[in-house]
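Below is work.csv, holding CSV, C-alpha atoms.
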```csv
chain,number,residue,atom,x,y,z
W,1,MET,CA,-143.8,70.7,320.9
W,2,ARG,CA,-141.7,67.9,319.2
W,3,ALA,CA,-139.0,66.2,321.1
W,4,ASN,CA,-136.6,64.8,318.5
W,5,SER,CA,-133.5,63.3,320.1
W,6,ILE,CA,-130.1,63.9,318.3
W,7,THR,CA,-127.1,61.6,318.9
W,8,GLN,CA,-123.7,62.5,317.5
W,9,GLY,CA,-121.1,59.9,316.6
W,10,THR,CA,-117.8,59.7,314.7
W,11,LEU,CA,-117.0,57.4,311.8
W,12,ALA,CA,-113.7,55.5,311.6
W,13,ASP,CA,-112.0,58.1,309.4
W,14,GLY,CA,-113.1,61.0,311.6
W,15,ARG,CA,-116.2,62.1,309.7
W,16,GLU,CA,-119.2,63.4,311.7
W,17,LEU,CA,-122.4,61.4,312.0
W,18,TYR,CA,-125.8,62.4,313.5
W,19,TYR,CA,-128.8,60.3,314.4
W,20,PHE,CA,-132.2,62.0,314.5
W,21,ASP,CA,-134.8,60.0,316.3
W,22,ASP,CA,-138.5,60.3,315.5
W,23,ALA,CA,-140.4,62.4,318.1
W,24,ALA,CA,-140.9,60.4,321.3
W,25,GLY,CA,-144.2,58.5,321.4
W,26,GLU,CA,-145.2,59.2,317.8
W,27,ALA,CA,-143.4,56.6,315.8
W,28,ALA,CA,-145.4,53.7,317.3
W,29,ALA,CA,-148.6,55.3,315.9
W,30,ASP,CA,-146.9,55.9,312.6
W,31,SER,CA,-145.3,52.5,311.9
W,32,GLY,CA,-146.9,50.1,314.5
W,33,THR,CA,-143.6,49.5,316.3
W,34,ARG,CA,-141.1,51.8,317.9
W,35,ARG,CA,-137.6,51.4,316.8
W,36,ARG,CA,-135.0,51.3,319.5
W,37,ARG,CA,-133.4,54.7,320.1
W,38,PRO,CA,-129.9,54.5,318.6
W,39,GLN,CA,-127.0,55.3,320.8
W,40,ALA,CA,-123.6,56.5,319.8
W,41,HIS,CA,-121.8,53.5,318.1
W,42,ASP,CA,-118.1,53.1,317.4
W,43,ASP,CA,-117.4,52.5,313.7
W,44,ARG,CA,-115.0,49.5,313.8
W,45,ARG,CA,-114.2,49.5,310.1
W,46,GLU,CA,-110.6,49.9,309.1
W,47,LEU,CA,-110.9,52.8,306.7
W,48,ASP,CA,-108.1,54.7,305.0
W,49,GLY,CA,-107.7,58.4,306.1
W,50,ARG,CA,-110.1,60.9,304.6
W,51,ALA,CA,-109.5,61.8,301.0
W,52,ALA,CA,-107.7,65.1,300.4
W,53,ALA,CA,-109.9,68.0,299.3
W,54,GLY,CA,-110.4,68.4,295.6
W,55,GLU,CA,-109.9,71.7,293.8
W,56,LEU,CA,-112.0,74.7,293.0
W,57,ARG,CA,-111.0,76.3,289.7
W,58,PHE,CA,-112.1,79.7,288.5
W,59,ASP,CA,-113.7,79.9,285.1
W,60,ALA,CA,-112.7,83.3,283.8
W,61,LEU,CA,-115.1,83.1,280.9
W,62,THR,CA,-118.2,83.0,283.2
W,63,GLY,CA,-116.9,84.1,286.5
W,64,GLU,CA,-118.0,80.8,288.0
W,65,TRP,CA,-116.2,78.2,290.2
W,66,VAL,CA,-115.9,74.6,289.0
W,67,ALA,CA,-115.2,71.8,291.4
W,68,ILE,CA,-112.6,69.2,290.3
W,69,ALA,CA,-113.2,66.1,292.4
W,70,ALA,CA,-111.4,63.2,290.7
W,71,HIS,CA,-111.5,61.1,293.9
W,72,ARG,CA,-115.3,60.7,293.3
W,73,GLN,CA,-114.6,58.3,290.4
W,74,SER,CA,-114.2,55.5,292.9
W,75,ARG,CA,-117.4,56.2,294.8
W,76,THR,CA,-120.0,53.4,295.4
W,77,HIS,CA,-122.3,53.0,292.4
W,78,LEU,CA,-125.7,51.3,292.6
W,79,PRO,CA,-124.6,48.5,295.0
W,80,PRO,CA,-126.9,45.5,295.7
W,81,ALA,CA,-129.0,45.7,298.9
W,82,ASP,CA,-126.6,43.5,300.9
W,83,GLU,CA,-123.8,45.9,300.2
W,84,CYS,CA,-125.7,49.2,300.7
W,85,PRO,CA,-123.7,51.8,302.6
W,86,LEU,CA,-126.9,53.4,304.0
W,87,CYS,CA,-128.5,50.3,305.5
W,88,PRO,CA,-127.9,49.7,309.2
W,89,SER,CA,-124.6,47.9,309.9
W,90,THR,CA,-124.4,44.2,310.2
W,91,SER,CA,-121.5,41.8,310.6
W,92,ALA,CA,-121.8,41.0,306.9
W,93,ASN,CA,-122.2,44.6,305.8
W,94,PRO,CA,-120.4,47.2,308.0
W,95,SER,CA,-122.0,50.3,306.5
W,96,GLU,CA,-121.5,54.0,306.8
W,97,ILE,CA,-124.1,53.9,309.6
W,98,PRO,CA,-122.7,51.8,312.5
W,99,ALA,CA,-126.0,51.7,314.5
W,100,PRO,CA,-127.9,48.4,314.1
W,101,ASP,CA,-131.1,50.5,313.6
W,102,TYR,CA,-131.9,54.2,313.3
W,103,ASP,CA,-134.7,56.5,312.2
W,104,VAL,CA,-132.9,59.3,310.2
W,105,ALA,CA,-129.1,59.6,309.9
W,106,VAL,CA,-126.9,62.4,308.6
W,107,PHE,CA,-123.2,62.0,308.0
W,108,GLU,CA,-120.3,63.6,306.0
W,109,ASN,CA,-120.0,62.2,302.5
W,110,ARG,CA,-117.1,59.8,302.1
W,111,PHE,CA,-116.6,61.0,298.6
W,112,PRO,CA,-117.4,64.8,298.8
W,113,SER,CA,-117.4,67.3,296.0
W,114,LEU,CA,-116.6,69.9,298.6
W,115,GLY,CA,-114.6,69.7,301.8
W,116,PRO,CA,-113.6,68.7,304.4
W,117,ASP,CA,-111.3,71.8,304.4
W,118,LEU,CA,-113.0,75.2,305.2
W,119,GLY,CA,-111.8,78.6,304.1
W,120,GLN,CA,-112.5,81.8,302.2
W,121,LEU,CA,-112.2,82.0,298.4
W,122,PRO,CA,-110.2,84.9,296.9
W,123,ALA,CA,-112.3,88.0,296.4
W,124,GLN,CA,-110.7,88.8,293.0
W,125,PRO,CA,-109.7,85.5,291.3
W,126,ALA,CA,-107.9,85.5,288.0
W,127,TRP,CA,-107.4,83.0,285.2
W,128,GLU,CA,-105.8,79.8,286.5
W,129,THR,CA,-106.8,80.5,290.1
W,130,SER,CA,-107.1,77.2,291.9
W,131,VAL,CA,-107.9,76.7,295.6
W,132,PRO,CA,-108.9,73.7,297.8
W,133,ALA,CA,-112.5,72.7,297.4
W,134,TYR,CA,-113.7,74.3,300.6
W,135,GLY,CA,-117.1,73.4,301.9
W,136,ARG,CA,-119.1,70.5,303.3
W,137,CYS,CA,-121.1,67.7,301.7
W,138,GLU,CA,-123.5,65.6,303.9
W,139,VAL,CA,-125.7,62.6,303.2
W,140,VAL,CA,-129.2,62.4,304.7
W,141,SER,CA,-130.6,58.8,304.9
W,142,PHE,CA,-134.4,59.1,305.3
W,143,THR,CA,-135.0,55.6,306.6
W,144,PRO,CA,-133.2,52.3,307.5
W,145,ASP,CA,-135.3,50.6,304.8
W,146,HIS,CA,-133.4,49.9,301.6
W,147,THR,CA,-136.4,50.2,299.3
W,148,GLY,CA,-139.1,52.9,298.9
W,149,SER,CA,-138.9,56.6,298.5
W,150,PHE,CA,-139.5,59.8,300.5
W,151,GLY,CA,-143.1,59.8,299.3
W,152,GLY,CA,-143.6,56.4,301.0
W,153,LEU,CA,-142.6,57.7,304.4
W,154,GLY,CA,-145.1,58.2,307.2
W,155,GLU,CA,-145.8,61.7,308.4
W,156,VAL,CA,-143.8,61.3,311.6
W,157,ARG,CA,-140.7,60.1,309.7
W,158,ALA,CA,-141.0,62.9,307.1
W,159,ARG,CA,-141.2,65.4,309.9
W,160,THR,CA,-138.0,64.0,311.4
W,161,VAL,CA,-136.3,64.5,308.0
W,162,VAL,CA,-137.6,68.1,308.0
W,163,GLU,CA,-136.1,68.6,311.4
W,164,ALA,CA,-132.7,67.2,310.3
W,165,TRP,CA,-132.7,69.6,307.3
W,166,ALA,CA,-133.4,72.5,309.6
W,167,VAL,CA,-130.9,71.6,312.2
W,168,ARG,CA,-128.1,70.9,309.7
W,169,THR,CA,-128.9,74.0,307.8
W,170,ALA,CA,-128.3,76.1,310.9
W,171,ALA,CA,-125.1,74.2,311.7
W,172,LEU,CA,-123.6,74.4,308.2
W,173,SER,CA,-124.6,78.0,307.9
W,174,ALA,CA,-122.4,78.8,310.9
W,175,LEU,CA,-119.2,77.2,309.4
W,176,PRO,CA,-116.5,79.7,308.3
W,177,GLY,CA,-116.5,80.6,304.6
W,178,ILE,CA,-119.9,79.1,303.8
W,179,ARG,CA,-122.1,81.3,301.6
W,180,GLN,CA,-125.0,78.9,300.5
W,181,VAL,CA,-126.5,75.8,302.1
W,182,PHE,CA,-128.4,73.6,299.7
W,183,PRO,CA,-130.5,70.5,300.8
W,184,PHE,CA,-131.7,68.4,297.9
W,185,GLU,CA,-132.8,65.0,296.8
W,186,ASN,CA,-132.1,63.2,293.5
W,187,ARG,CA,-134.6,60.5,292.9
W,188,GLY,CA,-134.3,57.9,290.2
W,189,ALA,CA,-131.6,56.4,288.1
W,190,GLU,CA,-132.6,58.7,285.2
W,191,ILE,CA,-131.5,61.6,287.3
W,192,GLY,CA,-128.2,60.0,288.1
W,193,VAL,CA,-128.5,58.6,291.6
W,194,THR,CA,-125.7,56.2,292.6
W,195,LEU,CA,-127.6,54.6,295.6
W,196,HIS,CA,-131.1,53.1,295.5
W,197,HIS,CA,-131.6,53.6,299.3
W,198,PRO,CA,-133.9,56.6,299.9
W,199,HIS,CA,-131.7,59.5,300.8
W,200,GLY,CA,-130.8,63.1,300.0
W,201,GLN,CA,-127.8,65.4,300.4
W,202,ILE,CA,-126.9,68.8,301.8
W,203,TYR,CA,-124.1,70.9,300.1
W,204,ALA,CA,-122.5,73.9,301.9
W,205,TYR,CA,-120.8,76.0,299.2
W,206,PRO,CA,-118.0,78.5,299.8
W,207,TYR,CA,-119.4,80.5,296.9
W,208,LEU,CA,-122.8,81.5,295.5
W,209,PRO,CA,-123.7,78.8,292.9
W,210,PRO,CA,-124.8,80.2,289.5
W,211,ARG,CA,-128.5,79.4,289.8
W,212,ALA,CA,-128.7,80.7,293.3
W,213,ALA,CA,-126.9,83.9,292.2
W,214,VAL,CA,-129.5,84.5,289.5
W,215,LEU,CA,-132.4,83.9,291.9
W,216,ALA,CA,-130.8,86.1,294.5
W,217,ALA,CA,-130.1,89.0,292.1
W,218,ALA,CA,-133.7,89.0,290.9
W,219,ALA,CA,-135.0,88.8,294.5
W,220,ARG,CA,-132.8,91.7,295.6
W,221,LYS,CA,-133.9,93.9,292.7
W,222,HIS,CA,-137.5,93.4,293.4
W,223,TYR,CA,-136.9,94.0,297.1
W,224,ASP,CA,-135.1,97.3,296.4
W,225,ASP,CA,-137.7,98.4,293.9
W,226,ALA,CA,-140.4,97.8,296.6
W,227,GLY,CA,-138.5,99.8,299.1
W,228,GLY,CA,-137.9,96.7,301.3
W,229,ARG,CA,-141.7,96.2,301.7
W,230,ASP,CA,-142.2,93.2,299.4
W,231,THR,CA,-140.4,90.1,298.2
W,232,LEU,CA,-140.4,88.6,294.7
W,233,THR,CA,-141.3,85.1,295.8
W,234,GLY,CA,-144.0,86.4,298.0
W,235,SER,CA,-145.5,88.5,295.2
W,236,LEU,CA,-145.5,85.6,292.8
W,237,LEU,CA,-147.2,83.4,295.4
W,238,ARG,CA,-149.9,85.9,295.9
W,239,ALA,CA,-150.4,86.2,292.1
W,240,GLU,CA,-150.6,82.5,291.6
W,241,ARG,CA,-153.1,82.0,294.5
W,242,THR,CA,-155.2,84.8,293.0
W,243,ASP,CA,-155.1,83.4,289.4
W,244,GLY,CA,-155.6,79.8,290.6
W,245,SER,CA,-155.1,78.0,287.3
W,246,ARG,CA,-151.7,76.7,288.2
W,247,MET,CA,-152.3,76.0,291.9
W,248,VAL,CA,-151.8,72.4,293.1
W,249,LEU,CA,-152.6,72.6,296.8
W,250,GLU,CA,-153.0,75.2,299.5
W,251,GLY,CA,-152.5,74.8,303.3
W,252,ARG,CA,-152.4,77.1,306.3
W,253,HIS,CA,-148.7,77.8,306.1
W,254,PHE,CA,-147.6,76.5,302.6
W,255,SER,CA,-149.0,76.4,299.0
W,256,ALA,CA,-147.7,74.7,295.9
W,257,TYR,CA,-148.1,75.8,292.3
W,258,VAL,CA,-146.7,75.1,288.8
W,259,PRO,CA,-144.8,78.3,287.9
W,260,PHE,CA,-146.1,80.4,285.0
W,261,ALA,CA,-142.9,80.0,283.0
W,262,ALA,CA,-142.0,76.4,284.1
W,263,ARG,CA,-138.9,75.1,282.4
W,264,TRP,CA,-139.4,71.4,283.0
W,265,PRO,CA,-142.2,69.1,281.9
W,266,LEU,CA,-143.0,68.6,285.6
W,267,GLU,CA,-142.2,71.5,287.9
W,268,VAL,CA,-143.8,72.6,291.1
W,269,HIS,CA,-142.8,75.2,293.7
W,270,LEU,CA,-143.8,74.7,297.3
W,271,VAL,CA,-143.6,78.0,299.1
W,272,PRO,CA,-144.3,79.1,302.7
W,273,HIS,CA,-146.8,81.9,303.2
W,274,ARG,CA,-144.4,83.7,305.6
W,275,GLN,CA,-141.1,85.0,304.3
W,276,VAL,CA,-138.3,83.0,306.0
W,277,PRO,CA,-134.7,82.7,304.7
W,278,ASP,CA,-134.3,79.0,305.3
W,279,LEU,CA,-135.6,75.8,306.8
W,280,ALA,CA,-134.0,76.6,310.1
W,281,ALA,CA,-136.3,79.7,310.4
W,282,LEU,CA,-139.5,77.7,310.2
W,283,ASP,CA,-141.5,77.4,313.4
W,284,GLY,CA,-142.9,74.1,314.7
W,285,ASP,CA,-146.3,74.4,313.1
W,286,GLU,CA,-144.8,75.3,309.8
W,287,ARG,CA,-142.4,72.3,309.9
W,288,ASP,CA,-145.4,70.0,310.8
W,289,GLU,CA,-147.4,71.2,307.8
W,290,LEU,CA,-144.4,71.1,305.5
W,291,ALA,CA,-143.9,67.4,306.2
W,292,GLN,CA,-147.6,66.7,305.4
W,293,LEU,CA,-147.8,68.8,302.2
W,294,TYR,CA,-144.4,67.7,300.8
W,295,LEU,CA,-145.6,64.0,301.1
W,296,ASP,CA,-148.9,65.0,299.5
W,297,LEU,CA,-147.0,66.7,296.6
W,298,LEU,CA,-144.6,63.7,296.0
W,299,ARG,CA,-147.5,61.3,296.0
W,300,ARG,CA,-149.4,63.3,293.5
W,301,LEU,CA,-146.3,63.3,291.3
W,302,ASP,CA,-146.1,59.5,291.5
W,303,ALA,CA,-149.8,59.1,290.8
W,304,LEU,CA,-149.4,60.6,287.3
W,305,TYR,CA,-147.8,57.4,285.8
W,306,PRO,CA,-147.6,53.7,286.5
W,307,THR,CA,-143.9,53.8,287.2
W,308,PRO,CA,-141.9,56.0,289.6
W,309,THR,CA,-141.2,59.5,288.4
W,310,PRO,CA,-137.6,60.7,288.6
W,311,TYR,CA,-137.2,64.1,290.2
W,312,ILE,CA,-134.8,66.7,291.7
W,313,ALA,CA,-136.1,68.3,294.9
W,314,ALA,CA,-134.1,71.5,295.4
W,315,TRP,CA,-134.6,73.6,298.5
W,316,GLN,CA,-133.7,77.2,297.5
W,317,GLN,CA,-132.6,78.9,300.7
W,318,ALA,CA,-131.4,82.5,301.1
W,319,PRO,CA,-127.7,83.1,300.6
W,320,LEU,CA,-125.8,83.9,303.7
W,321,ASP,CA,-124.5,87.2,302.3
W,322,SER,CA,-125.8,90.1,304.3
W,323,LEU,CA,-126.7,92.1,301.2
W,324,LEU,CA,-128.8,89.3,299.6
W,325,ARG,CA,-130.3,87.6,302.6
W,326,PRO,CA,-133.0,90.1,303.5
W,327,ALA,CA,-134.7,89.6,300.1
W,328,GLY,CA,-134.3,85.8,300.2
W,329,TYR,CA,-137.3,83.5,300.6
W,330,LEU,CA,-137.2,79.8,301.2
W,331,HIS,CA,-139.0,77.6,298.7
W,332,LEU,CA,-138.8,74.2,297.1
W,333,GLN,CA,-138.3,73.8,293.4
W,334,LEU,CA,-139.4,70.2,292.5
W,335,THR,CA,-138.6,69.3,288.9
W,336,SER,CA,-138.7,66.2,286.7
W,337,PRO,CA,-137.6,65.6,283.1
W,338,ARG,CA,-140.5,63.2,282.5
W,339,ARG,CA,-142.7,64.5,279.8
W,340,ALA,CA,-144.8,61.3,279.1
W,341,ALA,CA,-145.1,57.8,280.5
W,342,ASP,CA,-142.3,56.5,278.3
W,343,LYS,CA,-140.4,59.8,277.5
W,344,LEU,CA,-137.8,62.0,279.2
W,345,LYS,CA,-136.7,65.5,278.3
W,346,TYR,CA,-133.0,65.6,277.7
W,347,LEU,CA,-131.0,68.9,277.9
W,348,ALA,CA,-129.7,69.2,274.4
W,349,GLY,CA,-128.3,72.1,272.4
W,350,SER,CA,-130.6,75.0,273.4
W,351,GLU,CA,-130.8,74.1,277.1
W,352,ALA,CA,-127.3,72.6,277.8
W,353,ALA,CA,-125.3,75.0,275.6
W,354,MET,CA,-127.3,78.2,275.8
W,355,GLY,CA,-129.5,77.8,279.0
W,356,ALA,CA,-132.6,78.6,276.9
W,357,PHE,CA,-135.3,76.1,278.0
W,358,ILE,CA,-138.1,74.8,275.8
W,359,ASN,CA,-140.9,73.1,277.6
W,360,ASP,CA,-143.0,70.4,275.9
W,361,THR,CA,-145.9,70.8,278.4
W,362,THR,CA,-148.1,73.6,279.5
W,363,PRO,CA,-148.0,74.6,283.2
W,364,GLU,CA,-151.8,74.9,283.4
W,365,ALA,CA,-152.3,71.4,282.1
W,366,VAL,CA,-149.7,70.0,284.5
W,367,ALA,CA,-151.3,71.7,287.5
W,368,ALA,CA,-154.7,70.3,286.6
W,369,ARG,CA,-153.3,66.8,286.4
W,370,LEU,CA,-151.6,67.2,289.8
W,371,ARG,CA,-154.8,68.5,291.3
W,372,ASP,CA,-156.7,65.6,289.9
W,373,ALA,CA,-154.2,63.1,291.2
W,374,ALA,CA,-155.6,63.5,294.7
W,375,ALA,CA,-158.9,62.0,293.6
W,376,LYS,CA,-157.1,58.9,292.3
W,377,GLY,CA,-155.9,57.8,295.8
W,378,TYR,CA,-152.2,58.2,295.1
W,379,PRO,CA,-151.5,54.8,293.5
W,380,VAL,CA,-148.0,53.7,294.5
W,381,PRO,CA,-145.8,52.6,291.6
W,382,THR,CA,-143.5,49.7,291.9
W,383,GLU,CA,-140.0,51.1,292.8
W,384,SER,CA,-138.3,48.5,290.6
W,385,SER,CA,-140.1,49.7,287.6
W,386,THR,CA,-138.3,52.0,285.1
W,387,LEU,CA,-139.3,54.2,282.2
```

Any chance you could put this one into structure tokens?
Amino acid sequence: MRANSITQGTLADGRELYYFDDAAGEAAADSGTRRRRPQAHDDRRELDGRAAAGELRFDALTGEWVAIAAHRQSRTHLPPADECPLCPSTSANPSEIPAPDYDVAVFENRFPSLGPDLGQLPAQPAWETSVPAYGRCEVVSFTPDHTGSFGGLGEVRARTVVEAWAVRTAALSALPGIRQVFPFENRGAEIGVTLHHPHGQIYAYPYLPPRAAVLAAAARKHYDDAGGRDTLTGSLLRAERTDGSRMVLEGRHFSAYVPFAARWPLEVHLVPHRQVPDLAALDGDERDELAQLYLDLLRRLDALYPTPTPYIAAWQQAPLDSLLRPAGYLHLQLTSPRRAADKLKYLAGSEAAMGAFINDTTPEAVAARLRDAAAKGYPVPTESSTL
């Protein structure tokens, strides 16, 4: 049984901060040295008060909510290493993380798209409905090291990140008004990251985002048609494992495959064999294997080309709505716009305007390349390289 220690702190403007330590006795074997366990540290910066919440405006044409967050225009953008807000604090760089060292840190975003206010959205919004941008946005720093990527972490550290995702998913799901909790990672300047330091984010939405709503509706229909005896994601996983042509890897608790109708040049779904609604519902053995297989998958992705591959790692968790949650099924959707060593797929007219995707690769060929990547020994590209 793992024994991650969690220490809570508070930043100078009142935002919450959590340190997640690697499991006791394991980090030394992973990295050669055991980092000192962080204690609660006072943030001695003189910060202005927290920014007021932005707005959520209702789009009557689509029935969707749009966040208006003009205060994010002043957020930090690709700072040099000696000004990184995710590196441990020093006298020269008092960062967002006051501890002089840490393993994994989670804190409320200083420039959030949602929050810090919490509340319920109106059930029947009309044109020109505007409410505070309820919700919560958190940053997850995977490592105190400024360079590298998630795929370069050791298994112990990756397992600590999985634990942080699970713990924070449970906590955010319990907040009033929250309907969807979404952990994700944007990797690469081509995706639009604003910090080089390896990190991800967790959004807690007060509404069901459009993509999540589509997935949830399809899942619920399949569940109802099956009389509550089968799930859509589970049936697709079984079909892919039986077919085999698009499988990438299979473990005891998880499997990964390129979906039959992949939208992106590189797209892989990592799915647990057991139906669970979210990361918090995984047991210890499942979390252990998830850390291992997720690292395996990311390293295969980076073995395809001599430079780092940009990606979005999106953890699709079940909505918190009581009607939709029984049919929900946790899974990762890992996507990249990279279609060749020196080419990216851009969302142009058909995709951006109509939502009609056109893929320039075949899922079967992509799956074969990812399977073969394991035999190459996962060459690690230089992080400073670009497309």

- Given the choices W:Gly227, W:Gly284, W:Pro259, W:Gly148, which gets closest to W:Ala239 if the distance is worked out from all atoms listed in the file? W:Pro259

- What separation in Å, quoted to one decimal, exists between atom CA of W:Trp264 and atom CA of W:Ala356?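 Value for the atom CA of W:Trp264-atom CA of W:Ala356 distance: 11.6 Å.
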
- Message: So that I can see what lies close to W:Leu17, please list as a list in words the residues with an atom at most 6 Å from it, counting only C-alpha atoms and leaving out residues fewer than 3 positions away in the same chain.
- Response: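 The contact residues come out as Gln8, Gly9, Thr10, Val106 and Phe107 of chain W.
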
- Nearest candidate to W:Leu237 (options W:His146, W:Lys343, W:His331, W:His199; using only C-alpha atoms):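 With only C-alpha atoms as the atom set, the closest residue is W:His331.
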
- Message: I'd like the contact shell of W:Ala341 - 10 Å cut-off, all atoms listed in the file, skipping same-chain residues fewer than 6 positions apart - returned as an MDAnalysis selection string.
- Response: chainID W and resid 304:309 387

- Taken to one decimal, the atom CA of W:Val161-atom CA of W:Arg75 distance is 24.5 Å

- Would you mind listing what lies within 12 Å of W:Glu16 as a list of chain:residue names, with only C-alpha atoms counted and same-chain residues fewer than 3 positions away left out? W:Thr7, W:Gln8, W:Gly9, W:Thr10, W:Leu11, W:Ala12, W:Asp13, W:Tyr19, W:Ala40, W:Asp42, W:Asp43, W:Arg50, W:Glu96, W:Ile97, W:Ala105, W:Val106, W:Phe107, W:Glu108, W:Asn109, W:Arg110, W:Pro116, W:Arg136, W:Cys137, W:Glu138, W:Val139, W:Arg168

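Among the candidates W:Ala217, W:Leu249, W:Ala53, W:Ala280, the one nearest to W:Ala367 when counting all atoms listed in the file is W:Leu249.
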
- Item | Counting only C-alpha atoms, the residue of W:Ala171, W:Ala52, W:Ala368, W:Ala261 that sits nearest W:Ala69 |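 The shortest atom-to-atom distance to W:Ala69 comes from W:Ala52.
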
- Query: In Å, with one decimal, what is the gap from atom CA of W:Gly244 to atom CA of W:Thr361?
  - Reply: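 Between these atoms lies a distance of 18.0 Å.
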
- Nearest to W:Gly192 by atom-to-atom distance, counting all atoms listed in the file, from W:Gln292, W:Thr62, W:Ile6, W:His77: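 Selected residue with least distance to W:Gly192: W:His77.
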
- Task: Rank nothing, just name the residue among W:Asp117, W:Glu364, W:Glu240, W:Asp21 nearest to W:Pro176, using only C-alpha atoms.
- Result: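 Among the listed residues, the smallest separation from W:Pro176 belongs to W:Asp117.
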
- Residues near W:His196, cut-off 10 Å, only C-alpha atoms, skip fewer than 2 positions along chain, as a PyMOL selection string: chain W and resi 77-81+84+86+146-149+187-189+193-194+198-199+383-384

Quick one: residues within 10 Å of W:His273, all atoms listed in the file, excluding same-chain residues fewer than 6 positions away - as an mmCIF file with C-alpha atoms, keeping the file's coordinate frame?
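Full text of result.cif as output:
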```cif
data_model
loop_
_atom_site.group_PDB
_atom_site.id
_atom_site.type_symbol
_atom_site.label_atom_id
_atom_site.label_comp_id
_atom_site.auth_asym_id
_atom_site.auth_seq_id
_atom_site.Cartn_x
_atom_site.Cartn_y
_atom_site.Cartn_z
ATOM 1 C CA THR W 233 -141.300 85.100 295.800
ATOM 2 C CA GLY W 234 -144.000 86.400 298.000
ATOM 3 C CA LEU W 237 -147.200 83.400 295.400
ATOM 4 C CA ARG W 238 -149.900 85.900 295.900
ATOM 5 C CA GLU W 250 -153.000 75.200 299.500
ATOM 6 C CA GLY W 251 -152.500 74.800 303.300
ATOM 7 C CA ARG W 252 -152.400 77.100 306.300
ATOM 8 C CA HIS W 253 -148.700 77.800 306.100
ATOM 9 C CA PHE W 254 -147.600 76.500 302.600
ATOM 10 C CA SER W 255 -149.000 76.400 299.000
ATOM 11 C CA GLU W 286 -144.800 75.300 309.800
ATOM 12 C CA TYR W 329 -137.300 83.500 300.600
ATOM 13 C CA HIS W 331 -139.000 77.600 298.700
#
```
